[in-house]
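Visitor: What follows is the file coords_21.csv, containing CSV, N, CA and C atoms:
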chain,number,residue,atom,x,y,z
A,1,MET,N,168.3,-23.6,54.9
A,1,MET,CA,167.6,-24.0,56.1
A,1,MET,C,168.6,-24.7,57.0
A,2,HIS,N,168.4,-24.5,58.3
A,2,HIS,CA,169.3,-25.1,59.3
A,2,HIS,C,168.9,-26.5,59.7
A,3,THR,N,169.9,-27.4,59.8
A,3,THR,CA,169.7,-28.8,60.2
A,3,THR,C,170.4,-29.0,61.5
A,4,ILE,N,170.2,-30.1,62.1
A,4,ILE,CA,170.9,-30.5,63.3
A,4,ILE,C,172.4,-30.7,63.0
A,5,HIS,N,172.8,-30.9,61.8
A,5,HIS,CA,174.2,-31.1,61.4
A,5,HIS,C,174.8,-29.8,61.0
A,6,GLY,N,174.1,-28.7,60.9
A,6,GLY,CA,174.6,-27.4,60.6
A,6,GLY,C,174.8,-27.1,59.1
A,7,SER,N,174.5,-28.1,58.3
A,7,SER,CA,174.6,-27.9,56.8
A,7,SER,C,173.6,-28.8,56.1
A,8,TRP,N,173.3,-28.4,54.9
A,8,TRP,CA,172.2,-29.0,54.1
A,8,TRP,C,172.8,-30.2,53.4
A,9,ASN,N,172.1,-31.3,53.3
A,9,ASN,CA,172.5,-32.5,52.5
A,9,ASN,C,171.7,-32.4,51.2
A,10,ASP,N,172.5,-32.2,50.1
A,10,ASP,CA,171.8,-32.1,48.8
A,10,ASP,C,171.6,-33.4,48.1
A,11,SER,N,172.0,-34.5,48.7
A,11,SER,CA,171.8,-35.8,48.1
A,11,SER,C,170.3,-36.1,47.8
A,12,PRO,N,170.1,-36.7,46.6
A,12,PRO,CA,168.7,-37.0,46.3
A,12,PRO,C,168.0,-38.0,47.2
A,13,ASP,N,168.9,-38.7,47.9
A,13,ASP,CA,168.3,-39.7,48.9
A,13,ASP,C,168.1,-39.1,50.3
A,14,ALA,N,168.5,-37.8,50.5
A,14,ALA,CA,168.3,-37.2,51.8
A,14,ALA,C,166.8,-36.8,52.0
A,15,VAL,N,166.3,-37.3,53.1
A,15,VAL,CA,164.9,-36.9,53.5
A,15,VAL,C,164.9,-35.7,54.4
A,16,THR,N,164.1,-34.7,54.2
A,16,THR,CA,164.0,-33.6,55.0
A,16,THR,C,162.8,-33.8,56.0
A,17,LEU,N,163.1,-33.7,57.3
A,17,LEU,CA,162.1,-34.0,58.3
A,17,LEU,C,162.3,-33.3,59.6
A,18,ILE,N,161.2,-33.3,60.4
A,18,ILE,CA,161.2,-33.0,61.8
A,18,ILE,C,160.9,-34.4,62.5
A,19,ASP,N,161.8,-34.8,63.3
A,19,ASP,CA,161.6,-36.1,64.0
A,19,ASP,C,160.7,-35.9,65.2
A,20,ALA,N,159.5,-36.4,65.1
A,20,ALA,CA,158.5,-36.1,66.1
A,20,ALA,C,158.6,-37.0,67.3
A,21,HIS,N,159.5,-38.0,67.3
A,21,HIS,CA,159.6,-38.9,68.5
A,21,HIS,C,160.9,-39.7,68.5
A,22,HIS,N,161.7,-39.3,69.4
A,22,HIS,CA,163.0,-40.1,69.6
A,22,HIS,C,163.4,-40.0,71.1
A,23,HIS,N,164.3,-40.8,71.4
A,23,HIS,CA,164.8,-40.9,72.8
A,23,HIS,C,166.3,-40.7,72.9
A,24,LEU,N,166.8,-40.2,74.0
A,24,LEU,CA,168.2,-40.1,74.3
A,24,LEU,C,168.4,-40.5,75.7
A,25,TRP,N,169.5,-41.2,76.0
A,25,TRP,CA,169.8,-41.5,77.4
A,25,TRP,C,171.3,-41.7,77.6
A,26,ASP,N,171.7,-41.5,78.9
A,26,ASP,CA,173.0,-41.6,79.3
A,26,ASP,C,173.0,-42.5,80.5
A,27,LEU,N,173.3,-43.8,80.3
A,27,LEU,CA,173.1,-44.8,81.4
A,27,LEU,C,174.0,-44.5,82.6
A,28,SER,N,175.1,-43.7,82.4
A,28,SER,CA,175.9,-43.4,83.6
A,28,SER,C,175.2,-42.6,84.6
A,29,GLN,N,174.1,-42.0,84.3
A,29,GLN,CA,173.3,-41.2,85.2
A,29,GLN,C,172.5,-42.1,86.1
A,30,LYS,N,172.3,-43.3,85.8
A,30,LYS,CA,171.5,-44.3,86.5
A,30,LYS,C,170.1,-43.8,86.7
A,31,LYS,N,169.5,-43.2,85.7
A,31,LYS,CA,168.2,-42.7,85.7
A,31,LYS,C,167.2,-43.5,84.9
A,32,HIS,N,167.7,-44.5,84.3
A,32,HIS,CA,166.8,-45.4,83.4
A,32,HIS,C,166.8,-46.8,83.9
A,33,PRO,N,166.1,-47.1,85.0
A,33,PRO,CA,166.1,-48.4,85.6
A,33,PRO,C,165.7,-49.5,84.7
A,34,ASN,N,165.0,-49.2,83.6
A,34,ASN,CA,164.6,-50.3,82.7
A,34,ASN,C,165.7,-50.7,81.7
A,35,LEU,N,166.8,-49.9,81.7
A,35,LEU,CA,167.9,-50.2,80.8
A,35,LEU,C,169.1,-50.7,81.5
A,36,VAL,N,169.1,-51.0,82.7
A,36,VAL,CA,170.2,-51.5,83.4
A,36,VAL,C,169.9,-52.9,83.9
A,37,GLY,N,171.0,-53.7,84.2
A,37,GLY,CA,170.7,-55.0,84.7
A,37,GLY,C,170.7,-56.0,83.4
A,38,ALA,N,170.2,-57.1,83.7
A,38,ALA,CA,170.1,-58.2,82.6
A,38,ALA,C,169.1,-57.8,81.6
A,39,PRO,N,169.4,-58.1,80.3
A,39,PRO,CA,168.4,-57.8,79.2
A,39,PRO,C,167.0,-58.4,79.5
A,40,ARG,N,166.0,-57.8,79.2
A,40,ARG,CA,164.6,-58.3,79.4
A,40,ARG,C,164.1,-58.9,78.1
A,41,HIS,N,163.7,-60.1,78.2
A,41,HIS,CA,163.1,-60.7,77.0
A,41,HIS,C,161.6,-60.6,77.0
A,42,ASP,N,161.0,-60.1,78.1
A,42,ASP,CA,159.6,-59.9,78.1
A,42,ASP,C,159.2,-58.4,77.8
A,43,PHE,N,160.2,-57.6,77.4
A,43,PHE,CA,159.9,-56.2,77.0
A,43,PHE,C,158.8,-56.2,75.9
A,44,PHE,N,157.9,-55.2,76.0
A,44,PHE,CA,156.8,-55.3,75.1
A,44,PHE,C,157.1,-55.2,73.6
A,45,MET,N,158.4,-54.8,73.3
A,45,MET,CA,158.8,-54.8,71.9
A,45,MET,C,159.8,-55.9,71.6
A,46,GLY,N,159.9,-56.8,72.5
A,46,GLY,CA,160.8,-58.0,72.3
A,46,GLY,C,162.1,-57.8,73.1
A,47,ASP,N,163.2,-58.5,72.7
A,47,ASP,CA,164.5,-58.4,73.3
A,47,ASP,C,165.0,-57.0,73.3
A,48,ASP,N,165.3,-56.4,74.4
A,48,ASP,CA,165.8,-55.0,74.5
A,48,ASP,C,167.3,-54.9,74.6
A,49,SER,N,168.1,-56.0,74.4
A,49,SER,CA,169.5,-55.9,74.6
A,49,SER,C,170.2,-54.9,73.6
A,50,ALA,N,169.7,-54.7,72.5
A,50,ALA,CA,170.3,-53.7,71.5
A,50,ALA,C,170.2,-52.3,71.9
A,51,ILE,N,169.3,-51.9,72.8
A,51,ILE,CA,169.2,-50.5,73.2
A,51,ILE,C,169.8,-50.3,74.6
A,52,ARG,N,170.4,-51.3,75.2
A,52,ARG,CA,171.0,-51.1,76.5
A,52,ARG,C,172.4,-50.6,76.4
A,53,ARG,N,172.5,-49.4,75.9
A,53,ARG,CA,173.7,-48.6,75.8
A,53,ARG,C,173.4,-47.1,75.7
A,54,ASP,N,174.3,-46.3,76.0
A,54,ASP,CA,174.1,-44.8,75.9
A,54,ASP,C,173.6,-44.5,74.5
A,55,TYR,N,172.7,-43.6,74.4
A,55,TYR,CA,172.2,-43.0,73.1
A,55,TYR,C,172.1,-41.5,73.3
A,56,LEU,N,173.2,-40.8,72.8
A,56,LEU,CA,173.4,-39.4,73.0
A,56,LEU,C,173.3,-38.6,71.7
A,57,PRO,N,173.3,-37.3,71.8
A,57,PRO,CA,173.2,-36.5,70.6
A,57,PRO,C,174.2,-36.9,69.5
A,58,GLU,N,175.4,-37.3,69.8
A,58,GLU,CA,176.4,-37.7,68.8
A,58,GLU,C,175.9,-39.0,68.1
A,59,ASP,N,175.3,-39.9,68.8
A,59,ASP,CA,174.7,-41.1,68.2
A,59,ASP,C,173.6,-40.8,67.3
A,60,TYR,N,172.7,-39.9,67.7
A,60,TYR,CA,171.6,-39.5,66.9
A,60,TYR,C,172.0,-38.8,65.6
A,61,ARG,N,173.0,-37.9,65.7
A,61,ARG,CA,173.5,-37.2,64.5
A,61,ARG,C,174.2,-38.3,63.6
A,62,ARG,N,174.9,-39.2,64.1
A,62,ARG,CA,175.5,-40.2,63.3
A,62,ARG,C,174.5,-41.0,62.5
A,63,ASP,N,173.4,-41.4,63.2
A,63,ASP,CA,172.3,-42.2,62.6
A,63,ASP,C,171.5,-41.4,61.6
A,64,ALA,N,171.5,-40.1,61.7
A,64,ALA,CA,170.7,-39.2,60.8
A,64,ALA,C,171.6,-38.5,59.8
A,65,VAL,N,172.8,-38.8,59.7
A,65,VAL,CA,173.8,-38.1,58.9
A,65,VAL,C,173.3,-38.0,57.4
A,66,GLY,N,172.6,-38.9,56.9
A,66,GLY,CA,172.2,-38.9,55.5
A,66,GLY,C,171.0,-38.1,55.2
A,67,HIS,N,170.4,-37.4,56.2
A,67,HIS,CA,169.2,-36.7,56.0
A,67,HIS,C,169.2,-35.3,56.6
A,68,ASN,N,168.2,-34.5,56.3
A,68,ASN,CA,168.1,-33.1,56.7
A,68,ASN,C,167.1,-33.1,57.9
A,69,VAL,N,167.6,-33.3,59.1
A,69,VAL,CA,166.7,-33.3,60.3
A,69,VAL,C,166.7,-31.8,60.7
A,70,LEU,N,165.5,-31.2,60.6
A,70,LEU,CA,165.4,-29.7,60.9
A,70,LEU,C,165.4,-29.5,62.4
A,71,THR,N,164.7,-30.4,63.1
A,71,THR,CA,164.7,-30.4,64.6
A,71,THR,C,164.0,-31.7,65.0
A,72,SER,N,163.8,-31.8,66.3
A,72,SER,CA,163.2,-33.1,66.8
A,72,SER,C,162.5,-32.8,68.1
A,73,VAL,N,161.7,-33.9,68.5
A,73,VAL,CA,161.0,-33.9,69.8
A,73,VAL,C,161.5,-35.1,70.6
A,74,HIS,N,162.1,-34.9,71.7
A,74,HIS,CA,162.5,-36.0,72.6
A,74,HIS,C,161.3,-36.4,73.4
A,75,CYS,N,160.9,-37.7,73.4
A,75,CYS,CA,159.9,-38.2,74.2
A,75,CYS,C,160.5,-38.9,75.4
A,76,GLU,N,159.7,-38.9,76.5
A,76,GLU,CA,160.3,-39.4,77.8
A,76,GLU,C,160.8,-40.9,77.5
A,77,ALA,N,161.8,-41.2,78.2
A,77,ALA,CA,162.5,-42.5,78.0
A,77,ALA,C,162.6,-43.3,79.3
A,78,GLU,N,161.4,-43.4,80.0
A,78,GLU,CA,161.4,-44.2,81.2
A,78,GLU,C,162.4,-43.8,82.3
A,79,TRP,N,162.6,-42.5,82.4
A,79,TRP,CA,163.5,-41.9,83.4
A,79,TRP,C,162.9,-42.3,84.8
A,80,ASP,N,163.7,-42.3,85.7
A,80,ASP,CA,163.3,-42.6,87.1
A,80,ASP,C,162.1,-41.8,87.5
A,81,ARG,N,161.0,-42.6,87.8
A,81,ARG,CA,159.7,-42.0,88.1
A,81,ARG,C,159.7,-41.0,89.3
A,82,SER,N,160.7,-41.1,90.2
A,82,SER,CA,160.7,-40.2,91.3
A,82,SER,C,161.4,-38.9,91.0
A,83,ASP,N,161.9,-38.8,89.7
A,83,ASP,CA,162.6,-37.5,89.3
A,83,ASP,C,162.3,-37.2,87.8
A,84,GLN,N,161.1,-37.2,87.5
A,84,GLN,CA,160.7,-37.0,86.1
A,84,GLN,C,161.1,-35.6,85.6
A,85,VAL,N,161.0,-34.6,86.4
A,85,VAL,CA,161.4,-33.3,86.0
A,85,VAL,C,162.9,-33.2,85.7
A,86,GLY,N,163.7,-34.1,86.3
A,86,GLY,CA,165.1,-34.2,86.0
A,86,GLY,C,165.4,-34.5,84.5
A,87,GLU,N,164.5,-35.4,83.9
A,87,GLU,CA,164.7,-35.7,82.5
A,87,GLU,C,164.5,-34.4,81.6
A,88,THR,N,163.5,-33.6,82.0
A,88,THR,CA,163.3,-32.4,81.2
A,88,THR,C,164.4,-31.4,81.4
A,89,ARG,N,165.0,-31.3,82.6
A,89,ARG,CA,166.2,-30.5,82.8
A,89,ARG,C,167.3,-31.0,82.0
A,90,TRP,N,167.5,-32.3,82.0
A,90,TRP,CA,168.7,-32.9,81.2
A,90,TRP,C,168.5,-32.6,79.7
A,91,ILE,N,167.3,-32.8,79.2
A,91,ILE,CA,167.1,-32.5,77.8
A,91,ILE,C,167.2,-31.1,77.5
A,92,THR,N,166.8,-30.2,78.4
A,92,THR,CA,167.0,-28.7,78.2
A,92,THR,C,168.5,-28.4,78.0
A,93,GLY,N,169.3,-29.1,78.8
A,93,GLY,CA,170.8,-28.9,78.8
A,93,GLY,C,171.3,-29.4,77.4
A,94,ILE,N,170.8,-30.6,77.0
A,94,ILE,CA,171.2,-31.1,75.7
A,94,ILE,C,170.9,-30.1,74.6
A,95,HIS,N,169.7,-29.5,74.6
A,95,HIS,CA,169.3,-28.5,73.6
A,95,HIS,C,170.2,-27.3,73.7
A,96,GLN,N,170.5,-26.9,74.8
A,96,GLN,CA,171.4,-25.7,74.9
A,96,GLN,C,172.8,-26.0,74.4
A,97,ARG,N,173.2,-27.2,74.5
A,97,ARG,CA,174.6,-27.6,74.0
A,97,ARG,C,174.6,-27.9,72.5
A,98,TYR,N,173.5,-28.6,72.0
A,98,TYR,CA,173.5,-29.2,70.7
A,98,TYR,C,172.5,-28.5,69.7
A,99,GLY,N,171.6,-27.8,70.3
A,99,GLY,CA,170.6,-27.1,69.4
A,99,GLY,C,169.4,-28.0,69.1
A,100,PHE,N,169.3,-29.2,69.6
A,100,PHE,CA,168.2,-30.1,69.5
A,100,PHE,C,168.2,-31.0,70.7
A,101,PRO,N,167.1,-31.6,71.0
A,101,PRO,CA,165.8,-31.5,70.4
A,101,PRO,C,165.2,-30.2,70.8
A,102,ALA,N,164.2,-29.8,70.0
A,102,ALA,CA,163.5,-28.5,70.2
A,102,ALA,C,162.5,-28.6,71.3
A,103,ARG,N,162.0,-29.8,71.5
A,103,ARG,CA,160.9,-30.0,72.5
A,103,ARG,C,161.2,-31.3,73.2
A,104,SER,N,160.6,-31.4,74.4
A,104,SER,CA,160.6,-32.6,75.2
A,104,SER,C,159.1,-32.9,75.6
A,105,SER,N,158.7,-34.1,75.4
A,105,SER,CA,157.3,-34.4,75.8
A,105,SER,C,157.3,-35.6,76.7
A,106,ARG,N,156.2,-35.6,77.5
A,106,ARG,CA,156.0,-36.8,78.4
A,106,ARG,C,154.8,-37.5,77.8
A,107,MET,N,154.9,-38.8,77.8
A,107,MET,CA,153.9,-39.7,77.3
A,107,MET,C,152.7,-39.8,78.2
A,108,PRO,N,151.5,-39.9,77.7
A,108,PRO,CA,150.3,-40.0,78.6
A,108,PRO,C,150.5,-41.3,79.5
A,109,GLY,N,150.2,-41.1,80.7
A,109,GLY,CA,150.4,-42.2,81.7
A,109,GLY,C,151.7,-42.1,82.4
A,110,SER,N,152.6,-41.3,81.9
A,110,SER,CA,153.9,-41.1,82.6
A,110,SER,C,153.9,-39.9,83.5
A,111,ILE,N,152.9,-39.1,83.4
A,111,ILE,CA,152.8,-37.9,84.3
A,111,ILE,C,152.3,-38.3,85.6
A,112,PRO,N,153.0,-38.0,86.7
A,112,PRO,CA,152.5,-38.4,88.0
A,112,PRO,C,151.2,-37.7,88.3
A,113,ARG,N,150.3,-38.4,88.9
A,113,ARG,CA,149.0,-37.9,89.2
A,113,ARG,C,148.9,-37.7,90.7
A,114,THR,N,148.1,-36.7,91.1
A,114,THR,CA,147.9,-36.4,92.5
A,114,THR,C,146.7,-37.3,92.9
A,115,PRO,N,146.9,-38.1,93.9
A,115,PRO,CA,145.8,-39.0,94.3
A,115,PRO,C,144.6,-38.2,94.8
A,116,LYS,N,143.4,-38.7,94.4
A,116,LYS,CA,142.2,-38.1,94.8
A,116,LYS,C,142.0,-38.3,96.3
A,117,LYS,N,141.4,-37.3,97.0
A,117,LYS,CA,141.2,-37.4,98.4
A,117,LYS,C,139.8,-37.9,98.7
In structure tokens, write the structure found in this file.
Guide:
Amino acid sequence: MHTIHGSWNDSPDAVTLIDAHHHLWDLSQKKHPNLVGAPRHDFFMGDDSAIRRDYLPEDYRRDAVGHNVLTSVHCEAEWDRSDQVGETRWITGIHQRYGFPARSSRMPGSIPRTPKK
């Protein structure tokens, strides 16, 4: 079987999985307004200072190296609301270069709505 690392991990501790929810971001693009500026201590999950750095495919592969990740689903990561299609385009480029994530999803509530007339 193919993994995101290109080879199978035979270790008895290796978990085989499809990661159904993860995020990637490149802060140099300036598309994640919630991850720039001073750390927020009112973030709904607590202090967000640990995630205020790039998290790219190389980082994901490093973190998953002990496992057999078959593929993954990237979930929207609070990309600039005025350019949400841009995130899908960026993730499509990531997939073309790295072979994962296989899919990109938008979370309910993040999809722009057309105002009712």
Visitor: What does the distance from atom N of Asp10 (chain A) to atom N of Asn68 (chain A) come to in Å, to one decimal?
Guide: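 About the pair atom N of Asp10 (chain A) and atom N of Asn68 (chain A): they are 7.9 Å apart.
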Visitor: How would you write as an MDAnalysis selection string the residues that get within 8 Å of (156.9, -37.0, 66.6) in the file's frame, counting all atoms listed in the file?
Guide: chainID A and resid 18:22 72:75
Visitor: Tell me, counting only C-alpha atoms, for each residue of region 23-106 of chain A within 10 Å of region 11-14 of chain A, which pair of atoms is nearest and how far apart they are in Å to one decimal, in rows ordered by chain and increasing number, as CSV.
Guide:
residue,atom,partner,partner_atom,distance
A:Ala64,CA,A:Ala14,CA,9.5
A:Val65,CA,A:Ala14,CA,9.0
A:Gly66,CA,A:Ala14,CA,5.6
A:His67,CA,A:Ala14,CA,4.3
A:Asn68,CA,A:Ala14,CA,6.4
A:Val69,CA,A:Ala14,CA,9.5
Visitor: Determine the nearest neighbour of Tyr98 (chain A) from the options A:Leu56, A:Met1, A:Val36, A:Leu17, counting only C-alpha atoms.
Guide: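 Looking only at the distances to Tyr98 (chain A), the closest residue turns out to be A:Leu56.
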Visitor: What is the distance between atom N of Asp83 (chain A) and CA of His32 (chain A), in Å to one decimal?
Guide: 10.4 Å
Visitor: By how many Å are atom N of Glu76 (chain A) and atom C of Trp8 (chain A) apart?
Guide: 27.9 Å
Visitor: I want to know what sits within 8 Å of Pro39 (chain A), based on only N, CA and C atoms, with residues of the same chain fewer than 6 positions away left out; could you give that as a PyMOL selection string?
Guide: chain A and resi 47-50+52
Visitor: Have a look at A:Ser28, A:Gln84, A:Thr92, A:Thr71 and name the one nearest to Asp54 (chain A); count all atoms listed in the file.
Guide: A:Ser28
Visitor: Could you name the residues that touch Lys30 (chain A) at 8 Å or less, counting all atoms listed in the file, but leaving out those on the same chain fewer than 3 positions away, as a ChimeraX atom specification?
Guide: /A:26-27,33,36,79-80
Visitor: Could you find all residues in region 12-110 of chain A that DSSP calls strand (DSSP E or B) from the backbone, and write them as a PDB file with N, CA and C atoms, in the frame of the given file?
Guide:
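Okay, this is what ended up in selection34.pdb:
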ATOM      1  N   THR A  16     164.100 -34.700  54.200  1.00  0.00           N
ATOM      2  CA  THR A  16     164.000 -33.600  55.000  1.00  0.00           C
ATOM      3  C   THR A  16     162.800 -33.800  56.000  1.00  0.00           C
ATOM      4  N   LEU A  17     163.100 -33.700  57.300  1.00  0.00           N
ATOM      5  CA  LEU A  17     162.100 -34.000  58.300  1.00  0.00           C
ATOM      6  C   LEU A  17     162.300 -33.300  59.600  1.00  0.00           C
ATOM      7  N   ILE A  18     161.200 -33.300  60.400  1.00  0.00           N
ATOM      8  CA  ILE A  18     161.200 -33.000  61.800  1.00  0.00           C
ATOM      9  C   ILE A  18     160.900 -34.400  62.500  1.00  0.00           C
ATOM     10  N   ASP A  19     161.800 -34.800  63.300  1.00  0.00           N
ATOM     11  CA  ASP A  19     161.600 -36.100  64.000  1.00  0.00           C
ATOM     12  C   ASP A  19     160.700 -35.900  65.200  1.00  0.00           C
ATOM     13  N   ALA A  20     159.500 -36.400  65.100  1.00  0.00           N
ATOM     14  CA  ALA A  20     158.500 -36.100  66.100  1.00  0.00           C
ATOM     15  C   ALA A  20     158.600 -37.000  67.300  1.00  0.00           C
ATOM     16  N   HIS A  21     159.500 -38.000  67.300  1.00  0.00           N
ATOM     17  CA  HIS A  21     159.600 -38.900  68.500  1.00  0.00           C
ATOM     18  C   HIS A  21     160.900 -39.700  68.500  1.00  0.00           C
ATOM     19  N   HIS A  22     161.700 -39.300  69.400  1.00  0.00           N
ATOM     20  CA  HIS A  22     163.000 -40.100  69.600  1.00  0.00           C
ATOM     21  C   HIS A  22     163.400 -40.000  71.100  1.00  0.00           C
ATOM     22  N   TRP A  25     169.500 -41.200  76.000  1.00  0.00           N
ATOM     23  CA  TRP A  25     169.800 -41.500  77.400  1.00  0.00           C
ATOM     24  C   TRP A  25     171.300 -41.700  77.600  1.00  0.00           C
ATOM     25  N   TYR A  55     172.700 -43.600  74.400  1.00  0.00           N
ATOM     26  CA  TYR A  55     172.200 -43.000  73.100  1.00  0.00           C
ATOM     27  C   TYR A  55     172.100 -41.500  73.300  1.00  0.00           C
ATOM     28  N   ASN A  68     168.200 -34.500  56.300  1.00  0.00           N
ATOM     29  CA  ASN A  68     168.100 -33.100  56.700  1.00  0.00           C
ATOM     30  C   ASN A  68     167.100 -33.100  57.900  1.00  0.00           C
ATOM     31  N   VAL A  69     167.600 -33.300  59.100  1.00  0.00           N
ATOM     32  CA  VAL A  69     166.700 -33.300  60.300  1.00  0.00           C
ATOM     33  C   VAL A  69     166.700 -31.800  60.700  1.00  0.00           C
ATOM     34  N   LEU A  70     165.500 -31.200  60.600  1.00  0.00           N
ATOM     35  CA  LEU A  70     165.400 -29.700  60.900  1.00  0.00           C
ATOM     36  C   LEU A  70     165.400 -29.500  62.400  1.00  0.00           C
ATOM     37  N   THR A  71     164.700 -30.400  63.100  1.00  0.00           N
ATOM     38  CA  THR A  71     164.700 -30.400  64.600  1.00  0.00           C
ATOM     39  C   THR A  71     164.000 -31.700  65.000  1.00  0.00           C
ATOM     40  N   SER A  72     163.800 -31.800  66.300  1.00  0.00           N
ATOM     41  CA  SER A  72     163.200 -33.100  66.800  1.00  0.00           C
ATOM     42  C   SER A  72     162.500 -32.800  68.100  1.00  0.00           C
ATOM     43  N   VAL A  73     161.700 -33.900  68.500  1.00  0.00           N
ATOM     44  CA  VAL A  73     161.000 -33.900  69.800  1.00  0.00           C
ATOM     45  C   VAL A  73     161.500 -35.100  70.600  1.00  0.00           C
ATOM     46  N   HIS A  74     162.100 -34.900  71.700  1.00  0.00           N
ATOM     47  CA  HIS A  74     162.500 -36.000  72.600  1.00  0.00           C
ATOM     48  C   HIS A  74     161.300 -36.400  73.400  1.00  0.00           C
ATOM     49  N   CYS A  75     160.900 -37.700  73.400  1.00  0.00           N
ATOM     50  CA  CYS A  75     159.900 -38.200  74.200  1.00  0.00           C
ATOM     51  C   CYS A  75     160.500 -38.900  75.400  1.00  0.00           C
ATOM     52  N   ARG A 103     162.000 -29.800  71.500  1.00  0.00           N
ATOM     53  CA  ARG A 103     160.900 -30.000  72.500  1.00  0.00           C
ATOM     54  C   ARG A 103     161.200 -31.300  73.200  1.00  0.00           C
ATOM     55  N   SER A 104     160.600 -31.400  74.400  1.00  0.00           N
ATOM     56  CA  SER A 104     160.600 -32.600  75.200  1.00  0.00           C
ATOM     57  C   SER A 104     159.100 -32.900  75.600  1.00  0.00           C
ATOM     58  N   SER A 105     158.700 -34.100  75.400  1.00  0.00           N
ATOM     59  CA  SER A 105     157.300 -34.400  75.800  1.00  0.00           C
ATOM     60  C   SER A 105     157.300 -35.600  76.700  1.00  0.00           C
TER      61      SER A 105
END
Visitor: Where in region 15-107 of chain A does DSSP assign alpha helix (DSSP H), given as a VMD selection string?
Guide: chain A and resid 57 to 63 84 to 98
Visitor: Which residue is closest to Leu35 (chain A)? Choose from A:Arg89, A:Leu70, A:Tyr55, A:Ser105 and count only C-alpha atoms.
Guide: A:Tyr55
Visitor: For a quick check of understanding, using only N, CA and C atoms, which of A:Arg103, A:Gln96, A:Ala77, A:His2 has the smallest distance to His23 (chain A)?
Guide: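 Under the stated criterion, the closest residue is A:Ala77.
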Visitor: Restricting the calculation to only C-alpha atoms: of A:Val85, A:Met45, A:Ile94, A:Ala102, which residue gets closest to Lys31 (chain A)?
Guide: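 Between A:Val85, A:Met45, A:Ile94, A:Ala102, the residue approaching Lys31 (chain A) most closely is A:Val85.
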